[in-house]
Every structure is written in structure tokens, then in C-alpha cells.
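Q: First, the structure itself, so that you have it in front of you.
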Amino acid sequence: MLKKVILNPIGMFFIGLILGIVSRLLDIYTDNLGNIFSQMAIWILFGVLISIYSSSKRKAMLNILPFCIGMLITYYFVAFITKGVYSTVFIIGWTVFALLSPIIAYFAWMTKEKGVFPKIIGIGIIIVSLLSSVILFDRIRFYDIIINVITAYFLFVRKIKRT
């Protein structure tokens with residue numbers, strides 16, 4: 001029941017709105033948590049969780065886009081009203097990420113299927129997450145490793161019941 005309330009486009013949009021606000025406030029008022037929520041690894045983890053717990057590939061795609069859009073709307077709105085520093089390049093980058101998120105969700109959903117291809121997709125997700133830390137944010141940090149271990153757990157170990 002709770003899964004149906006949360007894992008739908010409207011629920012995901014509102015969760016995205018809330019996490020966008022929380023993320024921006026963490027950027028403003030904390031050093032460590034703000035850094036964690038500004039990196040791609042945590043958002044990849046959230047995307048993986050939304051995708052693999054969605055009941056179908058289609059629902060994974062429909063759930064992830066409003067989540068990302070909601071997060072972006074409130075993150076940059078709070079940045080604007082708090083006169084925070086933000087870059088047009090980052091806005092464009094995160095918007096492209098959000099618009100591509102349904103495709104990513106499609107493949108992330110498949111990681112819980114049987115076979116070699118889903119495992120290759122899962123490995124690719126972890127590699128992209130780690131590379132994003134290096135390419136976009138200079139290096140892999142301790143919390144990136146922890147987040148990627150959690151992501152790997154959900155991709156490769158955790159069993160998901162699908163009907």
C-alpha cells in the first residue's frame with residue numbers, strides 16, 4: 001500500500017520537491033551533507049531505488065522524471081530566493097540528467113532481471129557513478145565509496161519481489 005502511494009508520478013514529484021529543498025538547505029547550512037547531496041552518486045542511488053522498486057520498466061520511467069524535475073525546481077528556486085551561487089552550466093547539466101533519467105530508469109529497472117546483460121548494466125551504473133565523482137567533482141571521496149557500495153548492494157544483492 002505505502003509503495004503504491006509513494007511510487008507513482010505524483011508521489012515522486014512531491015518527494016523530489018521536498019528533497020530539492022532539503023538538498024539546497026543542506027548546501028547552505030552544512031558542509032558534509034551539503035557536499036554529499038551535491039554529488040551525482042547520491043542521486044544515482046535514489047534513481048536506482050526508484051527504478052528497481054517500480055513495478056515495471058514503464059512505471060520506472062514515469063516515476064523518475066517527475067522526481068528529478070521536482071528536485072530541480074525547488075533546489076534552484078531555493079538557491080534563487082536565498083541569493084545562492086549557482087552555475088548555468090550546472091543547471092543545464094542537471095536538466096539534461098533529469099530529461100535523460102527515464103532512459104536511465106529503464107535500464108536500471110532491468111538490473112534485477114536474470115542474465116548477464118542486467119549485470120553489465122549494473123556494473124555500468126556503478127562505473128558511471130564513480131566516474132562522475134572524478135570527472136565532475138575532481139575525485140572520489142569516502143562518502144562516494146559508501147554510496148556506491150549501497151548502490152551495488154541494491155543492484156546485485158538485494159532481492160526485489162516483482163509480480
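In the C-alpha cells, each chain is lettered A, B, ... as it comes, each chain's residues begin at 1, and ligands are numbered from 1 in order of appearance.
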Just the residues within 12 Å of Ala79 in chain A, please, counting only C-alpha atoms, with nothing from its chain fewer than 4 positions along; format it as a PyMOL selection string.
A: chain A and resi 20-28+72-75+83-87+91
Q: Please provide as a VMD selection string all residues within 12 Å of Lys114 in chain A, with the sequence filter that same-chain residues fewer than 5 positions apart are discarded (counting only C-alpha atoms).
A: chain A and resid 109 119 to 122 155 to 156 159 to 160
Q: Nearest to Pro102 in chain A: which of A:Tyr143, A:Phe117, A:Tyr76, A:Phe67 is it, counting only C-alpha atoms?
A: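 Result for the nearest residue to Pro102 in chain A: A:Phe67.
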Q: Taking only C-alpha atoms into account, name the residue in A:Lys161, A:Met71, A:Ile92, A:Ile103 that is nearest to Leu17 in chain A.
A: A:Met71
Q: Between CA of Ile42 in chain A and CA of Asn148 in chain A, what is the distance in Å, rounded to a tenth?
A: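 Separating CA of Ile42 in chain A from CA of Asn148 in chain A is a distance of 8.4 Å.
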